[in-house]
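Colleague: See protein09.csv below, with CSV, C-alpha atoms and all ligand atoms.
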chain,number,residue,atom,x,y,z
A,3,MET,CA,0.0,0.0,0.0
A,4,THR,CA,1.3,3.5,-0.8
A,5,THR,CA,0.7,6.2,1.7
A,6,GLU,CA,-0.4,9.5,0.3
A,7,ILE,CA,-0.1,12.8,2.1
A,8,LEU,CA,-2.6,15.4,1.0
A,9,SER,CA,-3.7,18.8,2.5
A,10,VAL,CA,-7.0,18.7,4.3
A,11,ASP,CA,-8.8,20.5,1.4
A,12,ASP,CA,-7.3,18.4,-1.3
A,13,GLY,CA,-7.8,15.1,0.5
A,14,LEU,CA,-11.2,15.6,2.2
A,15,ILE,CA,-13.3,13.7,-0.3
A,16,LYS,CA,-10.9,10.8,-0.5
A,17,ALA,CA,-10.6,10.8,3.3
A,18,LYS,CA,-14.4,10.6,3.7
A,19,ASP,CA,-14.6,7.7,1.2
A,20,ILE,CA,-11.9,5.7,2.9
A,21,ILE,CA,-13.4,6.2,6.4
A,22,LEU,CA,-17.0,5.5,5.4
A,23,SER,CA,-15.9,2.3,3.6
A,24,GLY,CA,-14.1,1.0,6.7
A,25,GLY,CA,-10.6,2.2,6.1
A,26,ILE,CA,-8.3,4.2,8.5
A,27,ILE,CA,-6.3,7.4,7.9
A,28,GLY,CA,-4.0,9.8,9.6
A,29,MET,CA,-5.7,13.0,10.7
A,30,PRO,CA,-4.4,16.3,12.2
A,31,THR,CA,-5.7,17.6,15.6
A,32,GLU,CA,-4.5,20.4,17.8
A,33,THR,CA,-2.9,18.0,20.2
A,34,VAL,CA,-1.1,15.2,18.2
A,35,TYR,CA,-1.9,13.4,14.9
A,36,GLY,CA,-4.6,10.7,15.2
A,37,LEU,CA,-5.1,7.4,13.4
A,38,ALA,CA,-8.9,7.6,12.7
A,39,ALA,CA,-11.6,5.1,11.9
A,40,ASP,CA,-15.4,5.1,11.9
A,41,GLY,CA,-16.2,4.3,15.6
A,42,ARG,CA,-19.3,2.4,14.7
A,43,ASN,CA,-17.4,-0.1,12.6
A,44,PRO,CA,-15.7,-3.0,14.5
A,45,GLN,CA,-13.7,-4.1,11.4
A,46,ALA,CA,-12.3,-0.6,10.9
A,47,VAL,CA,-11.5,-0.2,14.6
A,48,LYS,CA,-9.6,-3.5,14.6
A,49,LYS,CA,-7.4,-2.1,11.8
A,50,ILE,CA,-6.2,0.6,14.2
A,51,PHE,CA,-5.1,-1.8,16.8
A,52,GLU,CA,-3.4,-4.0,14.2
A,53,VAL,CA,-1.5,-1.1,12.4
A,54,LYS,CA,-0.3,0.4,15.7
A,55,GLY,CA,0.4,-2.9,17.5
A,56,ARG,CA,-1.7,-1.5,20.3
A,57,PRO,CA,-3.0,-3.7,23.1
A,58,SER,CA,-6.8,-4.2,22.6
A,59,ASP,CA,-7.5,-3.4,26.2
A,60,ASN,CA,-6.4,0.2,25.7
A,61,PRO,CA,-9.5,2.1,24.7
A,62,LEU,CA,-9.7,4.8,22.0
A,63,ILE,CA,-11.0,8.4,22.1
A,64,ALA,CA,-14.0,9.3,20.0
A,65,HIS,CA,-13.8,12.6,18.1
A,66,VAL,CA,-16.9,14.6,17.0
A,67,HIS,CA,-17.4,17.9,15.3
A,68,LYS,CA,-18.5,20.9,17.3
A,69,ASP,CA,-22.2,20.8,16.3
A,70,TYR,CA,-22.6,17.0,16.9
A,71,ASP,CA,-25.2,16.1,19.4
A,72,ILE,CA,-23.2,14.2,22.0
A,73,ASN,CA,-26.4,12.9,23.7
A,74,LYS,CA,-26.5,10.4,20.8
A,75,LEU,CA,-23.3,8.8,22.1
A,76,VAL,CA,-23.1,9.4,25.9
A,77,THR,CA,-25.1,10.2,29.0
A,78,VAL,CA,-24.1,13.4,30.8
A,79,ALA,CA,-24.5,12.6,34.5
A,80,HIS,CA,-23.6,15.9,36.2
A,81,GLY,CA,-24.4,19.5,35.7
A,82,TYR,CA,-20.7,20.6,35.9
A,83,VAL,CA,-20.1,18.6,32.7
A,84,TYR,CA,-22.1,21.2,30.7
A,85,ASP,CA,-19.9,23.9,32.3
A,86,LEU,CA,-16.7,22.1,31.2
A,87,ILE,CA,-18.1,21.6,27.7
A,88,ALA,CA,-19.0,25.3,27.5
A,89,ALA,CA,-15.6,26.4,28.7
A,90,TYR,CA,-13.2,24.1,27.0
A,91,MET,CA,-14.8,22.3,24.0
A,92,PRO,CA,-13.8,22.3,21.2
A,93,GLY,CA,-10.3,21.9,22.7
A,94,PRO,CA,-7.7,19.5,24.1
A,95,LEU,CA,-10.1,18.0,26.7
A,96,THR,CA,-11.5,14.5,26.6
A,97,LEU,CA,-14.5,13.6,28.8
A,98,VAL,CA,-15.1,10.0,29.9
A,99,MET,CA,-18.9,9.4,30.2
A,100,ASP,CA,-21.3,6.4,30.1
A,101,SER,CA,-21.6,5.2,26.6
A,102,LYS,CA,-24.8,4.6,24.8
A,103,GLY,CA,-23.2,1.9,22.7
A,104,VAL,CA,-23.2,3.6,19.3
A,105,VAL,CA,-19.4,3.5,19.3
A,106,CYS,CA,-18.6,-0.2,19.1
A,107,LYS,CA,-17.2,-2.2,22.0
A,108,GLU,CA,-14.0,-2.9,20.2
A,109,ALA,CA,-13.1,0.8,20.4
A,110,VAL,CA,-13.7,1.0,24.1
A,111,ALA,CA,-12.0,-2.2,25.2
A,112,GLY,CA,-15.4,-3.7,26.0
A,113,GLY,CA,-16.2,-1.2,28.7
A,114,ASP,CA,-19.3,0.9,29.5
A,115,THR,CA,-17.7,4.3,29.1
A,116,LEU,CA,-16.7,6.3,26.1
A,117,ALA,CA,-13.9,9.0,26.1
A,118,LEU,CA,-15.2,11.9,23.9
A,119,ARG,CA,-13.4,14.9,22.4
A,120,MET,CA,-14.2,17.8,20.1
A,121,PRO,CA,-10.9,18.9,18.5
A,122,SER,CA,-10.5,22.6,17.8
A,123,HIS,CA,-8.2,22.0,14.8
A,124,GLU,CA,-9.9,23.6,11.8
A,125,GLY,CA,-8.9,20.8,9.3
A,126,CYS,CA,-10.0,18.1,11.8
A,127,GLN,CA,-13.4,19.8,12.2
A,128,LYS,CA,-13.8,19.8,8.4
A,129,LEU,CA,-13.2,16.1,8.3
A,130,LEU,CA,-15.5,15.4,11.2
A,131,LYS,CA,-18.2,17.5,9.6
A,132,ALA,CA,-17.7,15.7,6.2
A,133,VAL,CA,-18.1,12.2,7.7
A,134,ASN,CA,-20.6,13.3,10.4
A,135,VAL,CA,-19.9,10.1,12.5
A,136,PRO,CA,-17.7,9.7,15.6
A,137,LEU,CA,-14.1,9.0,14.5
A,138,VAL,CA,-12.2,6.9,17.1
A,139,ALA,CA,-8.5,7.6,17.1
A,140,PRO,CA,-5.4,7.0,19.2
A,141,SER,CA,-2.2,8.8,18.4
A,142,ALA,CA,-0.9,8.0,14.9
A,143,ASN,CA,2.4,6.3,16.0
A,144,LEU,CA,3.5,2.7,16.4
A,145,SER,CA,2.6,1.6,19.9
A,146,LYS,CA,5.1,2.8,22.5
A,147,HIS,CA,6.9,5.2,20.1
A,148,THR,CA,6.8,9.0,20.5
A,149,SER,CA,3.5,10.6,19.3
A,150,PRO,CA,3.5,12.5,16.0
A,151,VAL,CA,3.0,16.2,15.7
A,152,SER,CA,3.4,16.5,12.0
A,153,ALA,CA,2.2,14.6,8.9
A,154,GLU,CA,5.9,13.7,8.2
A,155,HIS,CA,6.1,12.1,11.7
A,156,VAL,CA,3.0,10.0,10.9
A,157,PHE,CA,4.5,9.0,7.6
A,158,ASN,CA,7.8,7.9,9.2
A,159,ASP,CA,5.9,5.4,11.5
A,160,LEU,CA,3.0,4.3,9.2
A,161,ASN,CA,4.2,4.5,5.6
A,162,GLY,CA,2.8,1.6,3.7
A,163,LYS,CA,0.3,0.7,6.4
A,164,ILE,CA,-2.4,3.3,5.7
A,165,PRO,CA,-3.6,4.8,2.5
A,166,LEU,CA,-3.8,8.5,3.4
A,167,ILE,CA,-2.5,11.1,5.8
A,168,LEU,CA,-4.3,14.5,5.9
A,169,ASP,CA,-1.7,17.2,6.4
A,170,GLY,CA,-3.0,19.9,8.7
A,171,GLY,CA,0.4,21.4,9.6
A,172,ARG,CA,2.3,21.2,12.8
A,173,CYS,CA,0.1,20.5,15.9
A,174,ALA,CA,-0.3,23.6,18.0
A,175,GLY,CA,-0.7,21.8,21.4
A,176,GLY,CA,2.0,19.2,21.1
A,177,ILE,CA,0.9,16.7,23.8
A,178,GLU,CA,-2.2,14.5,24.0
A,179,SER,CA,-5.5,15.8,25.5
A,180,THR,CA,-6.4,15.9,29.1
A,181,VAL,CA,-8.5,12.8,29.9
A,182,LEU,CA,-11.1,13.6,32.5
A,183,ASP,CA,-13.5,11.0,34.1
A,184,VAL,CA,-16.8,12.9,34.6
A,185,THR,CA,-18.9,10.0,35.7
A,186,GLY,CA,-18.5,10.9,39.3
A,187,LYS,CA,-19.5,13.9,41.4
A,188,ILE,CA,-16.0,15.2,41.2
A,189,PRO,CA,-14.1,15.2,37.9
A,190,ARG,CA,-10.9,13.1,37.9
A,191,ILE,CA,-7.9,13.5,35.7
A,192,LEU,CA,-6.9,10.2,34.2
A,193,ARG,CA,-4.2,11.7,31.9
A,194,ALA,CA,-2.8,15.2,32.4
A,195,GLY,CA,-2.6,17.6,29.4
A,196,LEU,CA,-3.0,21.2,28.3
A,197,ILE,CA,-6.3,21.7,30.2
A,198,THR,CA,-4.9,21.7,33.7
A,199,LYS,CA,-6.3,20.7,37.1
A,200,GLU,CA,-6.6,24.4,37.9
A,201,MET,CA,-8.6,25.1,34.8
A,202,VAL,CA,-11.0,22.3,35.6
A,203,GLU,CA,-11.3,23.4,39.2
A,204,LYS,CA,-12.2,26.9,38.1
A,205,VAL,CA,-15.2,25.7,36.1
A,206,ALA,CA,-16.3,22.5,38.0
A,207,GLY,CA,-15.4,23.7,41.5
A,208,ALA,CA,-13.2,20.7,42.2
A,209,CYS,CA,-10.9,18.2,40.5
A,210,GLU,CA,-9.0,15.1,41.6
A,211,ILE,CA,-6.0,13.5,40.0
A,212,ALA,CA,-6.1,9.7,39.6
A,213,GLU,CA,-2.8,8.2,40.5
A,214,HIS,CA,-1.2,5.8,38.0
A,215,LYS,CA,-4.3,5.6,36.0
A,216,GLU,CA,-3.6,6.5,32.5
A,217,GLY,CA,-6.5,4.5,31.0
A,218,ASP,CA,-8.4,3.0,33.9
A,219,ARG,CA,-9.1,-0.3,32.2
A,220,VAL,CA,-5.5,-1.3,31.5
A,221,LYS,CA,-5.3,-4.2,33.9
A,222,SER,CA,-1.7,-5.4,33.9
A,223,PRO,CA,0.4,-2.7,35.6
A,224,GLY,CA,3.5,-1.7,33.8
A,225,VAL,CA,2.1,-2.5,30.3
A,226,LYS,CA,2.0,1.1,29.5
A,227,TYR,CA,5.1,2.2,31.4
A,228,ARG,CA,7.3,2.3,28.3
A,229,HIS,CA,5.5,4.8,26.2
A,230,TYR,CA,6.3,7.8,24.0
A,231,ARG,CA,9.9,6.3,23.6
A,232,PRO,CA,12.3,7.7,21.0
A,233,LYS,CA,14.3,5.0,19.2
A,234,CYS,CA,17.7,6.1,20.7
A,235,ASP,CA,18.9,5.7,24.3
A,236,THR,CA,17.7,8.1,26.9
A,237,ALA,CA,18.5,9.4,30.3
A,238,LEU,CA,16.6,11.8,32.6
A,239,PHE,CA,18.0,14.2,35.2
A,240,GLY,CA,16.5,16.7,37.6
A,241,ILE,CA,17.0,20.4,37.2
A,242,ASP,CA,19.4,20.3,40.2
A,243,GLU,CA,21.5,17.6,38.4
A,244,THR,CA,22.9,19.5,35.5
A,245,ASP,CA,26.4,18.6,36.6
A,246,LYS,CA,25.6,14.9,36.4
A,247,ALA,CA,23.9,15.4,33.0
A,248,ALA,CA,27.1,17.1,31.7
A,249,LEU,CA,29.3,14.3,33.1
A,250,LEU,CA,27.2,11.7,31.3
A,251,TYR,CA,27.4,13.8,28.1
A,252,ASP,CA,31.2,13.9,28.3
A,253,ALA,CA,31.4,10.2,29.0
A,254,GLU,CA,29.3,9.4,26.0
A,255,LEU,CA,31.5,11.6,23.8
A,256,LYS,CA,34.6,9.7,25.0
A,257,LYS,CA,32.9,6.4,23.9
A,258,GLY,CA,32.7,7.9,20.4
A,259,ARG,CA,28.9,8.3,20.7
A,260,THR,CA,26.7,11.3,19.9
A,261,PRO,CA,24.9,12.7,22.9
A,262,TYR,CA,22.3,15.5,22.9
A,263,ILE,CA,21.1,17.4,25.9
A,264,MET,CA,17.3,18.1,25.8
A,265,CYS,CA,16.3,21.0,28.2
A,266,SER,CA,14.4,24.2,28.6
A,267,ASP,CA,16.0,27.5,27.6
A,268,ALA,CA,16.4,28.3,31.4
A,269,VAL,CA,19.3,25.9,31.8
A,270,ALA,CA,20.7,25.9,28.3
A,271,GLU,CA,23.6,28.2,29.5
A,272,LYS,CA,25.0,25.3,31.7
A,273,PHE,CA,25.5,23.2,28.5
A,274,LYS,CA,27.2,25.8,26.4
A,275,GLY,CA,29.0,24.3,23.4
A,276,LYS,CA,27.2,21.0,23.6
A,277,ASN,CA,24.6,19.5,21.2
A,278,LEU,CA,21.2,20.8,22.3
A,279,LEU,CA,17.6,20.0,21.8
A,280,LEU,CA,16.0,23.2,23.2
A,281,LEU,CA,12.4,23.0,24.5
A,282,GLY,CA,11.7,26.7,24.9
A,283,LYS,CA,10.7,28.9,27.8
A,284,SER,CA,7.1,28.5,29.0
A,285,GLY,CA,5.1,25.3,29.7
A,286,GLU,CA,3.2,25.8,26.5
A,287,GLU,CA,6.4,26.1,24.5
A,288,VAL,CA,7.8,22.9,26.1
A,289,ALA,CA,4.6,21.0,25.4
A,290,PHE,CA,4.7,22.2,21.8
A,291,ASN,CA,8.3,21.2,21.3
A,292,LEU,CA,8.6,18.0,23.4
A,293,TYR,CA,7.7,15.2,20.9
A,294,ASP,CA,9.2,17.1,17.9
A,295,LYS,CA,12.5,17.3,19.7
A,296,LEU,CA,12.4,13.7,20.8
A,297,LEU,CA,11.8,12.7,17.2
A,298,GLU,CA,14.5,15.0,15.9
A,299,GLY,CA,16.8,13.6,18.6
A,300,GLU,CA,16.3,10.0,17.7
A,301,LYS,CA,17.6,10.8,14.2
A,302,LYS,CA,20.7,12.7,15.3
A,303,ALA,CA,21.6,11.2,18.7
A,304,ASP,CA,22.8,8.0,20.2
A,305,ILE,CA,21.5,9.2,23.5
A,306,ILE,CA,19.1,12.0,24.5
A,307,ILE,CA,20.0,13.3,28.0
A,308,ALA,CA,16.9,15.1,29.2
A,309,VAL,CA,16.9,17.6,32.0
A,310,SER,CA,13.5,18.3,33.8
A,311,PHE,CA,12.1,21.6,34.9
A,312,GLY,CA,11.8,21.6,38.7
A,313,ARG,CA,8.1,21.9,38.6
A,314,GLU,CA,5.0,19.7,38.1
A,315,ASP,CA,2.2,22.2,38.4
A,316,GLY,CA,-0.1,23.3,35.6
A,317,VAL,CA,0.9,22.2,32.1
A,318,TYR,CA,4.1,20.7,33.6
A,319,LEU,CA,2.1,17.8,35.1
A,320,GLY,CA,1.3,16.5,31.7
A,321,ILE,CA,4.7,17.3,30.3
A,322,MET,CA,6.5,15.5,33.2
A,323,ASN,CA,4.2,12.5,32.8
A,324,ARG,CA,5.4,12.2,29.1
A,325,LEU,CA,9.0,13.0,29.9
A,326,LYS,CA,9.3,10.3,32.6
A,327,LYS,CA,7.8,7.7,30.3
A,328,SER,CA,9.8,8.7,27.3
A,329,CYS,CA,13.2,9.2,28.9
A,330,GLY,CA,13.0,7.9,32.5
B,401,LIG,P1,-4.0,7.8,22.8
B,401,LIG,O1,-4.2,6.4,22.3
B,401,LIG,O2,-2.6,8.1,22.8
B,401,LIG,O3,-4.8,8.8,22.1
B,401,LIG,O4,-4.6,7.8,24.3
B,401,LIG,C1,-5.9,7.6,24.6
B,401,LIG,C2,-6.0,7.7,26.1
B,401,LIG,O5,-7.4,7.8,26.5
B,401,LIG,C3,-5.4,6.5,26.8
B,401,LIG,O6,-4.8,6.9,28.0
B,401,LIG,C4,-6.7,5.7,27.1
B,401,LIG,O7,-6.5,4.7,28.1
B,401,LIG,C5,-7.7,6.8,27.5
B,401,LIG,N1,-9.1,6.4,27.4
B,401,LIG,C6,-9.8,6.2,26.3
B,401,LIG,N2,-11.0,5.8,26.5
B,401,LIG,C7,-11.1,5.7,27.9
B,401,LIG,C8,-12.2,5.2,28.8
B,401,LIG,N3,-13.4,4.9,28.3
B,401,LIG,N4,-11.9,5.3,30.1
B,401,LIG,C9,-10.7,5.7,30.5
B,401,LIG,N5,-9.7,6.0,29.8
B,401,LIG,C10,-9.9,6.0,28.5
B,402,MG,MG,-0.7,7.4,22.1
Would you encode the structure as structure tokens?
Ligand code: AMP
Ligand code: MG

Modeller:
Amino acid sequence: MTTEILSVDDGLIKAKDIILSGGIIGMPTETVYGLAADGRNPQAVKKIFEVKGRPSDNPLIAHVHKDYDINKLVTVAHGYVYDLIAAYMPGPLTLVMDSKGVVCKEAVAGGDTLALRMPSHEGCQKLLKAVNVPLVAPSANLSKHTSPVSAEHVFNDLNGKIPLILDGGRCAGGIESTVLDVTGKIPRILRAGLITKEMVEKVAGACEIAEHKEGDRVKSPGVKYRHYRPKCDTALFGIDETDKAALLYDAELKKGRTPYIMCSDAVAEKFKGKNLLLLGKSGEEVAFNLYDKLLEGEKKADIIIAVSFGREDGVYLGIMNRLKKSCG
């Protein structure tokens, strides 16, 4: 199979035909690129798990356009959910609610809940409007590899395995959506992301963080521990361990290997003259650059030596969750 990359406008009709006849495609969103199928079609959904090598007990997120009536798919159990929808959707927020069974059980790992999202990406909205069905999609990378934030990244992982990638440019967000369980009285963060705990609290009055629960239904612990990994070696140091990071860098050089330091601009000065993968200044910049720099690094480096940021509040909670899994 040859994999075509087309702009959203040029590829829209083709994309719709493929999806509605049970195929899968790469699609842009504002978080990362997704690998999308018609969520009502079990055969199409199975292709996603096959192509990615994803364990079938890891459920997918259903994506709908902004005018889609979500009551067709899920039951909204609490008033605060409407407030969250009004405040943050479309956007990088996924709500886990009781499913009405329209999205097939293969997509939700046989469970009773459905994770639902409305992407704000304009091209993605066009696709969702064109098909007018829920598109289930995980990130468009091979299982455990770093998530793609450009059409080229998707191509590098899935060339020959899918017919089409819609190119909607570089993802503006850079890390996956915040996954929020809203079946209970208090919303619970299952996966941290760009919609922060503070932002949820502001609207819903309260918010809890579920410990070690990226995807509640993954039963065997550790299955998802190695995740987001680049193909080269990695190491992770705290912001107070820049000396150790520099020592490892020099030791790697002596072995004849090519090390790269990956860090925020704030500590770049400490690594003057060294190979750098710079992540930027703010949390938003770091989120935007993280996967791109990991994927750039795996091409250039034998080892990426990452230095963390000294904080895990706000957006940094989601960033650190990814950094620990990718480099820790
Ligand atoms: P990804 O495949 O990278 O897009 O990630 C999808 C995330 O959403 C994973 O962490 C899933 O475990 C999580 N998820 C999807 N559906 C559900 C659900 N019904 N309940 C809990 N977590 C879910
Ligand atoms: Mg993923």

Colleague: Mind checking which residues fall within 9 Å of Gly330 in chain A, counting all atoms listed in the file, ignoring those fewer than 2 positions away in the same chain, and posting them as a PyMOL selection string?

Modeller: chain A and resi 236-239+308+325-328

Colleague: Residues within 6 Å of ligand MG 402 (chain B), counting all atoms listed in the file: report them as a ChimeraX atom specification.

Modeller: /A:140-141,149

Colleague: Just give me the gap between CA of Phe311 in chain A and CA of Asp245 in chain A in Å, one decimal is fine.

Modeller: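 Separation between CA of Phe311 in chain A and CA of Asp245 in chain A: 14.7 Å.
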
Colleague: Separation of CA of Pro94 in chain A and CA of Val181 in chain A, in Å?

Modeller: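 Computing it gives 8.9 Å between the two atoms.
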
Colleague: To one decimal in Å, tell me the separation between CA of Met29 in chain A and CA of Gly103 in chain A.

Modeller: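 Those two atoms sit 23.9 Å apart.
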
Colleague: Using only C-alpha atoms, what residues lie at most 6 Å away from (-8.0, 13.8, 36.9) (file coordinates), given as an mmCIF file with C-alpha atoms, keeping the file's coordinate frame?

Modeller:
data_model
loop_
_atom_site.group_PDB
_atom_site.id
_atom_site.type_symbol
_atom_site.label_atom_id
_atom_site.label_comp_id
_atom_site.auth_asym_id
_atom_site.auth_seq_id
_atom_site.Cartn_x
_atom_site.Cartn_y
_atom_site.Cartn_z
ATOM 1 C CA LEU A 182 -11.100 13.600 32.500
ATOM 2 C CA ARG A 190 -10.900 13.100 37.900
ATOM 3 C CA ILE A 191 -7.900 13.500 35.700
ATOM 4 C CA LEU A 192 -6.900 10.200 34.200
ATOM 5 C CA GLU A 210 -9.000 15.100 41.600
ATOM 6 C CA ILE A 211 -6.000 13.500 40.000
ATOM 7 C CA ALA A 212 -6.100 9.700 39.600
#

Colleague: Would you tabulate, counting all atoms listed in the file, all residues of chain A that have an atom at most 8 Å from an atom of ligand LIG 401 (chain B), showing the closest pair of atoms and their distance in Å to one decimal, sorted by chain then ascending number, as a tab-separated table?

Modeller:
residue	atom	partner	partner_atom	distance
A:Gly36	CA	B:LIG401	O3	7.2
A:Asn60	CA	B:LIG401	O7	5.1
A:Pro61	CA	B:LIG401	N2	4.4
A:Leu62	CA	B:LIG401	C6	4.5
A:Ile63	CA	B:LIG401	C6	4.9
A:Ala64	CA	B:LIG401	N2	8.0
A:Thr96	CA	B:LIG401	O5	7.9
A:Val98	CA	B:LIG401	N3	5.6
A:Met99	CA	B:LIG401	N3	7.4
A:Val110	CA	B:LIG401	N3	5.7
A:Ala111	CA	B:LIG401	N3	7.9
A:Gly113	CA	B:LIG401	N3	6.7
A:Asp114	CA	B:LIG401	N3	7.2
A:Thr115	CA	B:LIG401	N3	4.4
A:Leu116	CA	B:LIG401	N3	4.2
A:Ala117	CA	B:LIG401	N2	4.3
A:Leu118	CA	B:LIG401	N2	7.8
A:Ala139	CA	B:LIG401	O3	6.3
A:Pro140	CA	B:LIG401	O1	3.4
A:Ser141	CA	B:LIG401	O2	4.5
A:Ser149	CA	B:LIG401	O2	7.5
A:Glu178	CA	B:LIG401	O2	6.5
A:Ser179	CA	B:LIG401	O3	7.8
A:Val181	CA	B:LIG401	O5	6.1
A:Asp183	CA	B:LIG401	C9	7.0
A:Leu192	CA	B:LIG401	N5	6.7
A:Arg193	CA	B:LIG401	O6	6.2
A:Glu216	CA	B:LIG401	O6	4.7
A:Gly217	CA	B:LIG401	O7	2.9
A:Asp218	CA	B:LIG401	C9	4.9
A:Arg219	CA	B:LIG401	C9	6.4
A:Val220	CA	B:LIG401	O7	7.0

Colleague: Set the distance at 8 Å and use only C-alpha atoms: which residues neighbour range 153-162 of chain A once local chain neighbours fewer than 2 positions away are removed? I'd like the list as a list in words.

Modeller: Met3, Thr4, Thr5, Ile7, Gly28, Pro30, Tyr35, Val53, Ala142, Asn143, Leu144, Pro150, Val151, Ile164, Pro165, Ile167, Leu168, Asp169, Gly170, Gly171, Arg172 and Leu297 of chain A

Colleague: Would you mind telling me which residue in A:His80, A:Lys74, A:Lys274, A:Lys257 lies nearest to Lys187 in chain A when using only C-alpha atoms?

Modeller: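 Between A:His80, A:Lys74, A:Lys274, A:Lys257, the residue approaching Lys187 in chain A most closely is A:His80.
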
Colleague: Within 12 Å of Glu52 in chain A, counting only C-alpha atoms, which residues show up once you throw out same-chain ones fewer than 4 positions away? Write them as a count of residues only, please.

Modeller: 15

Colleague: Go through A:Gly41, A:Gly93, A:Pro189, A:Gly112 one by one, measure the shortest atom-to-atom distance of each to Leu22 in chain A using all atoms listed in the file, and give the residue with the smallest value.

Modeller: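 Closest to Leu22 in chain A of all the choices is A:Gly41.
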
Colleague: Let me make sure I understand: among A:Glu124, A:Glu200, A:Asp59, A:Asp69, which one has the smallest atom-to-atom distance to Glu108 in chain A if we use only C-alpha atoms?

Modeller: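 The shortest atom-to-atom distance to Glu108 in chain A comes from A:Asp59.
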